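Peer 1: Pasting upload15.txt below, which is compact mmCIF, C-alpha atoms.
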# COMPACT_ATOMS: atom_id res chain seq x y z
CA MET A 4 52.43 129.03 35.08
CA THR A 5 49.75 131.42 36.32
CA THR A 6 47.51 130.79 39.33
CA LEU A 7 44.50 130.34 37.03
CA GLU A 8 46.35 127.74 34.97
CA LEU A 9 47.26 125.83 38.14
CA ILE A 10 43.65 125.95 39.36
CA SER A 11 42.49 124.77 35.94
CA ILE A 12 44.85 121.79 35.93
CA ILE A 13 43.78 120.80 39.44
CA ALA A 14 40.06 121.12 38.59
CA LEU A 15 40.44 119.12 35.37
CA SER A 16 42.47 116.43 37.13
CA ILE A 17 39.85 116.10 39.86
CA GLY A 18 37.15 115.83 37.18
CA LEU A 19 39.00 113.14 35.24
CA LEU A 20 39.78 111.21 38.43
CA SER A 21 36.11 111.40 39.45
CA SER A 22 35.09 110.04 36.04
CA LEU A 23 37.57 107.18 36.41
CA ILE A 24 36.33 106.27 39.89
CA ILE A 25 32.73 106.17 38.67
CA LEU A 26 33.66 104.28 35.48
CA ILE A 27 35.44 101.54 37.44
CA ASP A 28 32.41 101.05 39.68
CA VAL A 29 29.97 101.15 36.76
CA ILE A 30 31.97 98.38 35.05
CA ARG A 31 31.70 96.29 38.22
CA HIS A 32 28.03 97.20 38.76
CA PRO A 33 26.36 98.01 35.40
CA GLN A 34 23.23 100.14 35.41
CA MET A 35 19.81 98.71 34.57
CA MET A 36 19.47 101.44 31.95
CA THR A 37 22.52 100.89 29.73
CA ILE A 38 22.95 104.52 28.66
CA MET A 39 23.50 105.50 32.31
CA ASN A 40 26.78 103.58 32.20
CA VAL A 41 27.94 106.42 29.95
CA VAL A 42 26.07 109.25 31.66
CA TRP A 43 27.58 108.84 35.13
CA PRO A 44 31.27 108.97 34.11
CA ILE A 45 30.59 112.03 31.91
CA ASN A 46 28.97 113.77 34.87
CA GLY A 47 32.11 113.01 36.85
CA TRP A 48 34.14 115.22 34.51
CA PHE A 49 32.32 118.45 35.32
CA PHE A 50 30.74 117.72 38.72
CA GLY A 51 33.84 116.07 40.21
CA PRO A 52 33.42 114.78 43.79
CA PHE A 53 29.74 115.79 43.80
CA ALA A 54 29.19 113.36 40.90
CA ILE A 55 30.82 110.59 42.93
CA TRP A 56 28.59 111.38 45.90
CA SER A 57 25.41 111.48 43.79
CA TYR A 58 26.38 108.29 41.96
CA TYR A 59 26.88 106.32 45.17
CA LYS A 60 23.74 107.83 46.73
CA TRP A 61 21.36 107.52 43.76
CA GLY A 62 23.08 105.85 40.82
CA ARG A 63 23.96 102.59 42.53
CA LEU A 64 20.31 102.11 43.46
CA LYS A 65 19.83 101.23 39.78
CA ALA A 66 22.70 98.76 39.41
CA LYS A 67 21.73 95.39 37.92
CA ASN A 68 23.66 93.25 40.39
CA LEU A 69 22.96 95.18 43.59
CA ASP A 70 19.81 94.93 45.65
CA TYR A 71 18.98 98.37 47.02
CA GLU A 72 15.64 99.89 47.89
CA ASP A 73 14.87 102.80 45.56
CA ASN A 74 14.16 105.55 48.11
CA ARG A 75 14.81 108.51 45.82
CA GLY A 76 12.44 111.47 46.04
CA THR A 77 11.32 113.68 43.16
CA PRO A 78 14.30 116.09 43.42
CA ALA A 79 16.71 113.17 43.07
CA LYS A 80 14.78 111.68 40.13
CA VAL A 81 14.76 115.05 38.36
CA PHE A 82 18.49 115.29 39.08
CA MET A 83 18.93 111.96 37.29
CA SER A 84 16.86 113.15 34.32
CA THR A 85 18.90 116.36 34.14
CA SER A 86 22.15 114.37 34.41
CA HIS A 87 21.04 112.29 31.47
CA CYS A 88 20.37 115.37 29.34
CA SER A 89 23.50 117.17 30.50
CA ALA A 90 25.75 114.24 29.64
CA GLY A 91 24.53 114.22 26.03
CA CYS A 92 24.99 118.00 25.80
CA THR A 93 28.45 117.80 27.35
CA LEU A 94 29.57 115.15 24.89
CA GLY A 95 28.26 117.15 21.94
CA ASP A 96 29.90 120.34 23.15
CA ALA A 97 33.22 118.59 23.80
CA VAL A 98 33.21 117.05 20.31
CA GLY A 99 32.28 120.38 18.75
CA VAL A 100 35.26 122.29 20.18
CA PRO A 101 38.01 120.53 18.18
CA ILE A 102 35.86 120.57 15.03
CA VAL A 103 35.62 124.36 15.20
CA ALA A 104 39.32 124.66 16.02
CA LEU A 105 40.37 122.45 13.11
CA THR A 106 38.12 124.05 10.48
CA GLY A 107 38.87 127.62 11.52
CA PHE A 108 35.45 128.67 10.21
CA ALA A 109 34.07 131.88 11.74
CA LEU A 110 30.31 132.38 11.49
CA MET A 111 29.63 136.06 10.79
CA GLY A 112 33.29 136.63 11.54
CA SER A 113 32.97 135.26 15.09
CA ILE A 114 34.53 132.07 16.44
CA LEU A 115 32.15 132.25 19.40
CA TYR A 116 29.08 132.15 17.14
CA THR A 117 30.62 129.19 15.31
CA HIS A 118 30.99 127.37 18.61
CA TYR A 119 27.36 128.16 19.39
CA LEU A 120 26.14 126.72 16.08
CA VAL A 121 28.31 123.60 15.91
CA GLU A 122 28.01 122.71 19.57
CA PHE A 123 24.24 123.23 19.64
CA ILE A 124 23.78 120.91 16.66
CA LEU A 125 26.04 118.21 18.12
CA ALA A 126 24.64 118.60 21.64
CA TYR A 127 21.11 118.23 20.27
CA GLY A 128 22.12 115.15 18.29
CA PHE A 129 23.79 113.45 21.22
CA GLY A 130 20.99 114.55 23.55
CA ILE A 131 18.37 112.91 21.34
CA LEU A 132 20.58 109.81 21.02
CA PHE A 133 20.95 109.50 24.79
CA GLN A 134 17.22 110.01 25.27
CA PHE A 135 16.46 107.47 22.54
CA TYR A 136 18.46 104.81 24.36
CA ALA A 137 16.53 105.58 27.52
CA ILE A 138 13.12 105.29 25.80
CA TYR A 139 13.52 102.66 23.08
CA PRO A 140 14.62 99.67 25.22
CA MET A 141 11.43 100.01 27.29
CA ASN A 142 9.10 100.53 24.30
CA LYS A 143 10.52 98.45 21.48
CA GLU A 144 7.05 97.35 20.40
CA LYS A 145 6.24 100.95 19.37
CA GLY A 146 9.22 101.11 17.02
CA ALA A 147 12.38 103.19 16.71
CA TRP A 148 10.74 106.14 14.95
CA ASN A 149 8.27 106.60 17.79
CA ALA A 150 11.17 106.51 20.26
CA ILE A 151 12.98 109.23 18.27
CA LYS A 152 9.88 111.46 18.34
CA GLU A 153 9.42 110.88 22.06
CA ALA A 154 13.12 111.61 22.64
CA ALA A 155 12.85 114.92 20.77
CA LYS A 156 9.75 115.86 22.75
CA ALA A 157 11.40 115.00 26.06
CA ASP A 158 14.80 116.54 25.39
CA THR A 159 14.34 119.68 23.28
CA LEU A 160 13.33 122.11 26.03
CA SER A 161 15.79 120.57 28.46
CA LEU A 162 18.64 120.93 25.97
CA ILE A 163 17.76 124.54 25.09
CA ALA A 164 17.73 125.38 28.80
CA PHE A 165 21.13 123.71 29.22
CA GLU A 166 22.63 125.64 26.33
CA ILE A 167 21.28 128.94 27.68
CA GLY A 168 23.37 128.46 30.82
CA MET A 169 26.38 127.16 28.97
CA PHE A 170 26.36 129.70 26.14
CA GLY A 171 25.74 132.53 28.58
CA TRP A 172 28.90 131.60 30.47
CA MET A 173 30.85 131.28 27.21
CA ALA A 174 29.80 134.82 26.33
CA ILE A 175 30.96 136.09 29.72
CA VAL A 176 34.30 134.34 29.25
CA HIS A 177 34.64 135.69 25.72
CA PHE A 178 33.58 139.29 26.28
CA VAL A 179 34.04 140.04 29.99
CA LEU A 180 36.57 137.89 31.85
CA PHE A 181 39.44 137.87 29.36
CA THR A 182 40.92 140.48 27.05
CA GLU A 183 41.99 137.51 24.92
CA PRO A 184 39.76 134.44 25.38
CA PRO A 185 41.58 131.17 26.19
CA LYS A 186 42.24 128.78 23.30
CA PRO A 187 41.01 125.14 23.14
CA ASP A 188 44.57 123.87 23.57
CA SER A 189 44.82 125.43 27.05
CA SER A 190 43.81 124.04 30.44
CA VAL A 191 42.04 127.32 31.24
CA TYR A 192 39.69 126.86 28.27
CA TRP A 193 38.55 123.43 29.46
CA PHE A 194 38.22 124.65 33.04
CA MET A 195 35.88 127.34 31.73
CA MET A 196 34.00 124.56 29.92
CA GLN A 197 33.65 122.65 33.19
CA ILE A 198 32.04 125.70 34.75
CA ALA A 199 29.84 126.08 31.67
CA MET A 200 28.54 122.52 32.07
CA ILE A 201 27.72 123.08 35.74
CA LEU A 202 25.81 126.27 34.91
CA GLY A 203 24.08 124.48 32.03
CA PHE A 204 22.97 121.79 34.46
CA GLY A 205 21.65 124.51 36.75
CA THR A 206 19.52 126.14 34.04
CA SER A 207 18.34 122.75 32.75
CA TYR A 208 17.15 121.41 36.11
CA PRO A 209 13.99 123.60 36.34
CA ALA A 210 13.11 122.71 32.74
CA ASN A 211 13.42 119.01 33.55
CA TRP A 212 11.30 119.47 36.67
CA TRP A 213 8.54 121.06 34.57
CA LEU A 214 8.81 118.33 31.89
CA VAL A 215 8.52 115.59 34.51
CA LYS A 216 5.64 117.37 36.28
CA LYS A 217 3.70 117.66 33.00
CA GLY A 218 4.35 114.01 32.13
CA ILE A 219 6.27 114.94 28.98
CA LYS A 220 9.39 113.30 30.35
CA GLU A 221 9.77 110.29 32.63
CA ALA A 222 11.39 110.82 36.02
CA MET A 223 14.42 108.59 35.92
Please lay out the structure from this file as structure tokens.
Peer 2:
Amino acid sequence: MTTLELISIIALSIGLLSSLIILIDVIRHPQMMTIMNVVWPINGWFFGPFAIWSYYKWGRLKAKNLDYEDNRGTPAKVFMSTSHCSAGCTLGDAVGVPIVALTGFALMGSILYTHYLVEFILAYGFGILFQFYAIYPMNKEKGAWNAIKEAAKADTLSLIAFEIGMFGWMAIVHFVLFTEPPKPDSSVYWFMMQIAMILGFGTSYPANWWLVKKGIKEAM
């Protein structure tokens, strides 16, 4: 086992343990916004202990059965909005990886480009779905179709910004860091994906700030 493989296993284990810790608490203290019960554990996978800290600092303020004063500032609310977007993207990207691996299809002869296409489509789909379940429960009188349109308006730029960070890192991994890129059945591959999600969050945060500032997206 190489040092990188050991680091990868440790990082992935910490991420999964963080997700489990958050999931157990979310089950005990469900969020007011149902979709956040899914968002927080997903964030645990790539943010690890930082996700636990942010959940207990900001996420629990929105638990149904806990009475906390909501003292979050704008940076924290934008963080929540970005977390929401990033969780949908992460799920779509994670689902896309085995699909590409199983089909073996190479767009323009490149597996990387295939990952870009499949994962963007799935990330966009899950992103819109997550946003829909944030918007629709509060505006049921306007109908589902209106909620879908509002979800697309709120999430498109945020998702594109996320994928810029994520895909940029994937390109670095593919063309710069390794002579032979890691395969999806290796711990190193998924460790690289963890890093990709963190960088995607970083590039998506400014986009979410702008969307919230312009009133296109609600601060969560």
Peer 1: Tell me, as number ranges by chain, which residues lie within 9 Å of range 199-204 of chain A, counting only C-alpha atoms; anything in the same chain fewer than 6 positions away does not count.
Peer 2: A: 49-50, 85-86, 88-89, 92-93, 162, 164-173
Peer 1: How would the residues just picked look written out with C-alpha atoms as a PDB file, in the coordinates of the input?
Peer 2:
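Dumped everything to result00.pdb:
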ATOM      1  CA  PHE A  49      32.320 118.450  35.320  1.00  0.00           C
ATOM      2  CA  PHE A  50      30.740 117.720  38.720  1.00  0.00           C
ATOM      3  CA  THR A  85      18.900 116.360  34.140  1.00  0.00           C
ATOM      4  CA  SER A  86      22.150 114.370  34.410  1.00  0.00           C
ATOM      5  CA  CYS A  88      20.370 115.370  29.340  1.00  0.00           C
ATOM      6  CA  SER A  89      23.500 117.170  30.500  1.00  0.00           C
ATOM      7  CA  CYS A  92      24.990 118.000  25.800  1.00  0.00           C
ATOM      8  CA  THR A  93      28.450 117.800  27.350  1.00  0.00           C
ATOM      9  CA  LEU A 162      18.640 120.930  25.970  1.00  0.00           C
ATOM     10  CA  ALA A 164      17.730 125.380  28.800  1.00  0.00           C
ATOM     11  CA  PHE A 165      21.130 123.710  29.220  1.00  0.00           C
ATOM     12  CA  GLU A 166      22.630 125.640  26.330  1.00  0.00           C
ATOM     13  CA  ILE A 167      21.280 128.940  27.680  1.00  0.00           C
ATOM     14  CA  GLY A 168      23.370 128.460  30.820  1.00  0.00           C
ATOM     15  CA  MET A 169      26.380 127.160  28.970  1.00  0.00           C
ATOM     16  CA  PHE A 170      26.360 129.700  26.140  1.00  0.00           C
ATOM     17  CA  GLY A 171      25.740 132.530  28.580  1.00  0.00           C
ATOM     18  CA  TRP A 172      28.900 131.600  30.470  1.00  0.00           C
ATOM     19  CA  MET A 173      30.850 131.280  27.210  1.00  0.00           C
TER      20      MET A 173
END
Peer 1: Draw an axis-aligned box tight on the listed atoms of range 67-75 of chain A, then pad every side by 6 Å and write out centre and edge lengths in Å to one decimal as JSON.
Peer 2:
{"center_x": 18.9, "center_y": 100.9, "center_z": 43.0, "size_x": 21.5, "size_y": 27.3, "size_z": 22.2}
Peer 1: Mind listing whatever residues come within 6 Å of the point (26.7, 110.7, 23.9)? Use only C-alpha atoms, file coordinates, and give them as a ChimeraX atom specification.
Peer 2: /A:91,94,129,133
Peer 1: Contacts of Ile151 in chain A at 9 Å or less, counting all atoms listed in the file, minus same-chain residues fewer than 5 places along, as a ChimeraX atom specification?
Peer 2: /A:131-132,134-135,138-139,156
Peer 1: Kindly export the residues of the current selection with C-alpha atoms, as a compact mmCIF listing (two decimals), in the coordinates of the input.
Peer 2:
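Written output follows (out-v6.txt):
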# COMPACT_ATOMS: atom_id res chain seq x y z
CA ILE A 131 18.37 112.91 21.34
CA LEU A 132 20.58 109.81 21.02
CA GLN A 134 17.22 110.01 25.27
CA PHE A 135 16.46 107.47 22.54
CA ILE A 138 13.12 105.29 25.80
CA TYR A 139 13.52 102.66 23.08
CA LYS A 156 9.75 115.86 22.75
Peer 1: Determine, counting only C-alpha atoms, every residue of protein, DNA or RNA that lies within 9 Å of (39.2, 122.2, 22.0) in the file coordinates, then give the result as a list in words.
Peer 2: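 Here is the list of nearby residues: Ala97, Val98, Gly99, Val100, Pro101, Ile102, Val103, Ala104, Leu105, Lys186, Pro187, Asp188, Ser189, Tyr192 and Trp193 of chain A.
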Peer 1: Counting all atoms listed in the file, which of A:Gly18, A:Pro185, A:Pro44, A:Pro209 gets nearest to Ala90 in chain A?
Peer 2: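 Of A:Gly18, A:Pro185, A:Pro44, A:Pro209, the one nearest Ala90 in chain A, counting all atoms listed in the file, is A:Pro44.
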